[in-house]
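Structure, as structure tokens:
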Amino acid sequence: MRIKFLVLIFALFGGTAALAGPQIQHWTTSNGARVYFVPAPELPMIDLRVTFDAGAARDGADGGVALLTNALLAEGAGGLDANQISERFESVGARYSSSAHRDMATIGLRSLSDRQYLEPALATLSAIIGQPEFPKDAFKRERSRMLIGLQQRKQSPGALADEAFYKAVFGDHPYAGQPSGTETTVKALTPEKLRAFYQRYYVGRNAVIAIVGDLDRAAATTLAERIIGQLPAGEPAPQLPAVKDLAEAVEVHIEHPSMQTHILVGAPGMRRGDPDYFPLYVGNHILGGSGLVARLSKEIREERGLAYSAYSYFRPMRKRGPYTLGAQTRNASAGETLSVIHETLATFITEGPSEEELEAAKKNITGGFPLRISSNKKIIDYIGMIGFYDLPLDYLDTFNAKVQAVTVADIKDAFQRRIHADRMATITVGGKVSIE
């Protein structure tokens, strides 16, 4: 009864932490994993996330292997089957999660900090991380699910646009492929390939552990060693190749029987820790990252009524991730919407923002910053990112000051050097579109 009450209270209040500026502690485990820890005694909870450099960028010729490997970790481990693993977590009110993206694969746990609940949860998690079995029946089931998902993507204009966009922007770079792979590569996967991928990339020196919760440094040290210390040290994943700028404009149109056209325009953007991060980030907030008050939205939605929304964003990754501008509009309006996107971007690159726009953006970004670290979950998102991308430990402490330091001249300089309006990938999925 007690555990149900605590879980209910936790769900109602969302794990809110009273930390205004979390102080991150950092050390390395005996097998080379990097640990980032923030004590948060306000609630009797512990959030744990292990991140491996084992995302889809490491797939090579086996597209989908990173995603399927990660998905199968909790399908059988340490002599437990998937149902037993699920029941063990459920019996102590713990929540397990996992995911795989282009840069990374993650394993997460949220548990009550009381030892009678935490210990069983950690024991189960240790088995998942250190003793996965990749059972054949689960492998066949999950692979079939991936293949069904790939078939469904063919019917989704948004998914088709996203796939074509990454291919156009990244060419032969590992970022070009989809984490879900292709039908051909997924059908060729085997449990042996998954085990080989796991043995190469799920190792100590290729891992980052983020811990936030109701425990002290000594307990966090013990916890980290228990979870990751069982793994071989191994070697970190090799450096990914640099992402090159587009040599010329690329235009791709995919016919699709939809009422609307999905539009994506973009190019390689920036990486985590990029020296131009703050001018580009603040500048994009003005151009298309601040919702209905952004320039793109004003031009496309407010002035012309071409689309319900228009947006732009950077997705920084270990290497330069994409810079994306997008909208959805009626097929008949696609050509005009595209023209407005290109014109608005070109004008912004040339002229930059006004002082009034910059001041409003700074207030919006810095004013909303406390909400970004208002819960344990949000804090662990940040410290996991800081650890994985080797960002400074004072990243959160200096964030607002660096935003405030950005000038109009900084934004113009960064956009003119980094964003080339005449060399963008333009993807449209829908009815016939004139890309003039």
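Residues in the structure tokens are numbered from 1 in each chain, the chains being A, B, ... in the order shown, and ligands are numbered from 1 in the order shown.
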
Going by DSSP on the backbone, which residues of stretch 4-169 of chain A come out as strand (DSSP E)? List them as JSON, numbers by chain.
{"A": [25, 26, 27, 28, 34, 35, 36, 37, 38, 39, 45, 46, 47, 48, 49, 50, 51, 52, 76, 77, 80, 81, 95, 96, 97, 98, 99, 100, 105, 106, 107, 108, 109, 110, 111, 112]}

Using 12 Å as the limit and counting only C-alpha atoms, can you tabulate each residue of stretch 89-141 of chain A that touches stretch 158-177 of chain A, with its shortest atom-to-atom distance in Å and the two atoms involved, as JSON lines?
{"residue": "A:His101", "atom": "CA", "partner": "A:Tyr175", "partner_atom": "CA", "distance": 10.1}
{"residue": "A:Arg102", "atom": "CA", "partner": "A:Tyr175", "partner_atom": "CA", "distance": 6.5}
{"residue": "A:Asp103", "atom": "CA", "partner": "A:Tyr175", "partner_atom": "CA", "distance": 8.4}
{"residue": "A:Met104", "atom": "CA", "partner": "A:Tyr175", "partner_atom": "CA", "distance": 11.7}

Dump as a JSON list (two decimals), in the first residue's frame, selection limited to C-alpha atoms:
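Below you can see part_22.json, which holds the result:
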[["chain", "number", "residue", "atom", "x", "y", "z"],
["A", 101, "HIS", "CA", 18.90, 7.31, -31.95],
["A", 102, "ARG", "CA", 21.55, 8.28, -34.47],
["A", 103, "ASP", "CA", 24.17, 9.31, -31.92],
["A", 104, "MET", "CA", 23.35, 7.19, -28.91]]

May I have all residues of stretch 182-311 of chain A that DSSP, computed from the backbone, assigns to helix (DSSP H, G or I), given as JSON, numbers by chain?
{"A": [183, 184, 185, 186, 187, 191, 192, 193, 194, 195, 196, 197, 198, 199, 200, 201, 204, 205, 206, 217, 218, 219, 220, 221, 222, 223, 224, 225, 226, 227, 228, 277, 278, 279, 280, 281, 282, 283, 284, 285, 286, 287, 288, 289, 291, 292, 293, 295, 296, 297, 298, 299, 300, 301, 302]}

At a cut-off of 7 Å, using only C-alpha atoms, what residues contact stretch 269-272 of chain A? Leave out same-chain residues fewer than 2 positions from it and give the result as a ChimeraX atom specification.
/A:267,274,314,316-323,389

For the selection just defined, write its residues with N, CA and C atoms to a file, as a PDB file, in the first residue's frame.
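And here is the file that came out, part29.pdb:
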ATOM      1  N   ALA A 267      20.056  21.941 -44.324  1.00  0.00           N
ATOM      2  CA  ALA A 267      21.453  21.692 -44.648  1.00  0.00           C
ATOM      3  C   ALA A 267      22.157  21.294 -43.347  1.00  0.00           C
ATOM      4  N   ASP A 274      29.540  23.454 -30.348  1.00  0.00           N
ATOM      5  CA  ASP A 274      29.966  24.276 -31.477  1.00  0.00           C
ATOM      6  C   ASP A 274      30.297  25.692 -31.000  1.00  0.00           C
ATOM      7  N   PHE A 314      17.730  23.813 -35.131  1.00  0.00           N
ATOM      8  CA  PHE A 314      18.987  23.093 -35.218  1.00  0.00           C
ATOM      9  C   PHE A 314      18.857  21.812 -34.394  1.00  0.00           C
ATOM     10  N   PRO A 316      21.713  19.779 -33.002  1.00  0.00           N
ATOM     11  CA  PRO A 316      23.150  19.510 -32.840  1.00  0.00           C
ATOM     12  C   PRO A 316      23.394  18.102 -32.346  1.00  0.00           C
ATOM     13  N   MET A 317      24.399  17.453 -32.917  1.00  0.00           N
ATOM     14  CA  MET A 317      24.749  16.094 -32.536  1.00  0.00           C
ATOM     15  C   MET A 317      26.264  16.029 -32.322  1.00  0.00           C
ATOM     16  N   ARG A 318      26.821  14.820 -32.233  1.00  0.00           N
ATOM     17  CA  ARG A 318      28.257  14.707 -32.021  1.00  0.00           C
ATOM     18  C   ARG A 318      29.020  15.379 -33.156  1.00  0.00           C
ATOM     19  N   LYS A 319      28.570  15.163 -34.369  1.00  0.00           N
ATOM     20  CA  LYS A 319      29.023  15.937 -35.517  1.00  0.00           C
ATOM     21  C   LYS A 319      27.871  16.852 -35.915  1.00  0.00           C
ATOM     22  N   ARG A 320      28.061  17.636 -36.953  1.00  0.00           N
ATOM     23  CA  ARG A 320      27.042  18.617 -37.304  1.00  0.00           C
ATOM     24  C   ARG A 320      25.719  17.937 -37.676  1.00  0.00           C
ATOM     25  N   GLY A 321      24.702  18.237 -36.917  1.00  0.00           N
ATOM     26  CA  GLY A 321      23.369  17.722 -37.209  1.00  0.00           C
ATOM     27  C   GLY A 321      22.651  18.629 -38.188  1.00  0.00           C
ATOM     28  N   PRO A 322      21.417  18.314 -38.534  1.00  0.00           N
ATOM     29  CA  PRO A 322      20.719  19.089 -39.560  1.00  0.00           C
ATOM     30  C   PRO A 322      20.182  20.419 -39.048  1.00  0.00           C
ATOM     31  N   TYR A 323      20.130  21.382 -39.956  1.00  0.00           N
ATOM     32  CA  TYR A 323      19.357  22.598 -39.726  1.00  0.00           C
ATOM     33  C   TYR A 323      18.126  22.475 -40.604  1.00  0.00           C
ATOM     34  N   TYR A 389      28.310  14.492 -24.622  1.00  0.00           N
ATOM     35  CA  TYR A 389      28.954  15.374 -25.596  1.00  0.00           C
ATOM     36  C   TYR A 389      30.151  16.134 -25.028  1.00  0.00           C
TER      37      TYR A 389
END

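Of the residues listed (A:Gly55, A:Pro279, A:Pro268, A:Pro41), A:Gly55 shows the shortest atom-to-atom separation from A:Asn70; distances use only C-alpha atoms.
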